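Presented below is the structure to which this report refers.
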Amino acid sequence: LLQRIASQQLRDDELAQQPSLVEPSQQQLEAMGALSEEGSRALGLLVVAGGSLGADALEHLRIEQPALEELASSGLASQAGAAWSLLRTGEAAALRERLSPSSLAELHASWASWLDEQLVGAVDEYLAPESGIPSSAPRQDPADQRRSEARVANLRAAQVRHLALAGQLEQAASLLARHADHHTSAPAAWANAASVLAQRQRTPAVQLRAARLTRRAGRPRQALALIEALSRSQVTGSITVELAIERGACHLEQGNAAEAARVLRSLAPELVAPEQLGRSADLLARALTRQGAYQAALAQTERGLAVDTSPPQRIDLLVTAAVALSFAGQLAPALQRLDQAVAGLDAGTQPRLAVRVFGSRALVAYN
């Protein structure tokens, strides 16, 4: 199990489904079987919630005190202040295995509704509640804003995951697509949510999102496996290009620049939209730079910059060009490209991109 984790062959959501190393006793299993309907529901919600429930959750989920006391007398849960927890959280997976699929679906749906309630308050901290657009009202400092945004992103990703586990696949897929702007704020949580959904809804669009998020969470090998699992007959139109670009990105992040370049060069120009051309040109330029083909890399960045692409993609292309120029010994033009990239940054720029710009500028200036 540890070897699979170390080699990135086991996703977090798969790890959660592994057989428990802590098994409940026979006495506990018998007590579980003797629980009332309300006691069973309370236990199931504790399991689905990850082992503990606070006072607000207990109230929202309508878990009454008698049901909780039944769990305590059965040796399955205990109270700490206003919160209740499984007596041994390590037994959660084993207890989950003993719940029926229909019960689990209902429990996940209930937990998703609680997360929706949590999101009302979390969204109000950072976003305009109805529109999902940043509020114009005075807000906290940028660091606090980032934390608020990350909290919203984690809660929303958890909601998508639990909706998928509840069998509400269309709603889960809709939320996954609608909140794409939040994906970079909690990449691991969104990758896990998308992977759970992709196991249950094997459409090209969902598989693509799951692959992209899995790669961004630092697991390119698993992302590539999601793409390769799609049969060619399932993939048509513009998504063919998107999958090829994602395949190239996965190979590049695994250190296979030659294969990344081969995949990206195979794209049919007539099928590539401007934004796709910008991304594919940027990735191909990075692959060529790693192969030492600096002039060819620069040609790709110029190709990407010549089309109408998004401001963040343009910044990425400028940085990629600067890296190729610096490796080619052309430091002055490299700094010029980086100055252009810095000029394109604004308050809404994702931290990843800002770090790439200033990190590359520091390295070129050092040389």
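Here, A, B, ... name the chains of the structure tokens in the order displayed, residue numbers run from 1 inside each chain, and ligands are numbered from 1 in the same displayed order.
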
In stretch 64-98 of chain A, DSSP alpha helix (DSSP H) residues written as a ChimeraX atom specification: /A:65-73,92-97

Strand (DSSP E) per DSSP on the backbone: members of stretch 46-178 of chain A, as number ranges by chain: A: 52-53, 77-80, 83-86

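Closest to A:Ala93 among A:Val357, A:Ser195, A:Gly51, A:Leu165 is A:Gly51, based on only C-alpha atoms.
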
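Among the candidates A:Ala177, A:Ala354, A:Leu267, A:Leu169, the residue lying nearest to A:Gln201 is A:Leu169 (atoms considered: only C-alpha atoms).
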
Residue contacts of stretch 64-67 of chain A (12 Å, only C-alpha atoms) excluding same-chain residues fewer than 4 positions away, as a PyMOL selection string: chain A and resi 35-46+55+57-60+71-74+76-79+82-84

Close residues, stretch 336-340 of chain A itself excluded, 9 Å, only C-alpha atoms, min 5 positions apart in chain, as a list in words: Ile315, Leu318, Val319, Ala321, Ala322, Leu331, Val357, Phe358, Ser360 and Arg361 of chain A

Go ahead and write the residues just picked, C-alpha atoms, as a PDB file, in the first residue's frame.
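Saved as again37.pdb:
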```pdb
ATOM      1  CA  ILE A 315       1.759  35.870 -19.660  1.00  0.00           C
ATOM      2  CA  LEU A 318       5.966  35.501 -22.506  1.00  0.00           C
ATOM      3  CA  VAL A 319       7.647  33.675 -19.611  1.00  0.00           C
ATOM      4  CA  ALA A 321       9.817  32.761 -24.415  1.00  0.00           C
ATOM      5  CA  ALA A 322      12.015  34.417 -21.789  1.00  0.00           C
ATOM      6  CA  LEU A 331      19.479  37.850 -21.649  1.00  0.00           C
ATOM      7  CA  VAL A 357       6.817  35.342 -13.533  1.00  0.00           C
ATOM      8  CA  PHE A 358       8.867  36.713 -10.644  1.00  0.00           C
ATOM      9  CA  SER A 360      11.844  33.428 -13.797  1.00  0.00           C
ATOM     10  CA  ARG A 361      12.706  37.128 -13.692  1.00  0.00           C
TER      11      ARG A 361
END
```

Exercise: stretch 363-367 of chain A partners within 8 Å, only C-alpha atoms, chain neighbours under 5 positions left out, as an MDAnalysis selection string: chainID A and resid 323 326 331 334:335

Using only N, CA and C atoms, please write the residues we just selected to a file, as a PDB file, in the first residue's frame.
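Final file, result_27.pdb:
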```pdb
ATOM      1  N   VAL A 323      12.389  32.170 -20.929  1.00  0.00           N
ATOM      2  CA  VAL A 323      13.213  31.034 -20.507  1.00  0.00           C
ATOM      3  C   VAL A 323      14.048  30.517 -21.686  1.00  0.00           C
ATOM      4  N   SER A 326      16.814  32.986 -22.454  1.00  0.00           N
ATOM      5  CA  SER A 326      17.900  32.968 -21.467  1.00  0.00           C
ATOM      6  C   SER A 326      18.809  31.769 -21.671  1.00  0.00           C
ATOM      7  N   LEU A 331      20.044  37.414 -22.925  1.00  0.00           N
ATOM      8  CA  LEU A 331      19.479  37.850 -21.649  1.00  0.00           C
ATOM      9  C   LEU A 331      18.675  39.133 -21.751  1.00  0.00           C
ATOM     10  N   ALA A 334      15.324  38.416 -23.095  1.00  0.00           N
ATOM     11  CA  ALA A 334      14.607  37.622 -22.101  1.00  0.00           C
ATOM     12  C   ALA A 334      13.990  38.535 -21.037  1.00  0.00           C
ATOM     13  N   LEU A 335      14.791  39.504 -20.549  1.00  0.00           N
ATOM     14  CA  LEU A 335      14.277  40.450 -19.550  1.00  0.00           C
ATOM     15  C   LEU A 335      13.159  41.315 -20.120  1.00  0.00           C
TER      16      LEU A 335
END
```

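Atom CA of A:Arg161 is found 8.9 Å from atom CA of A:Ala189.
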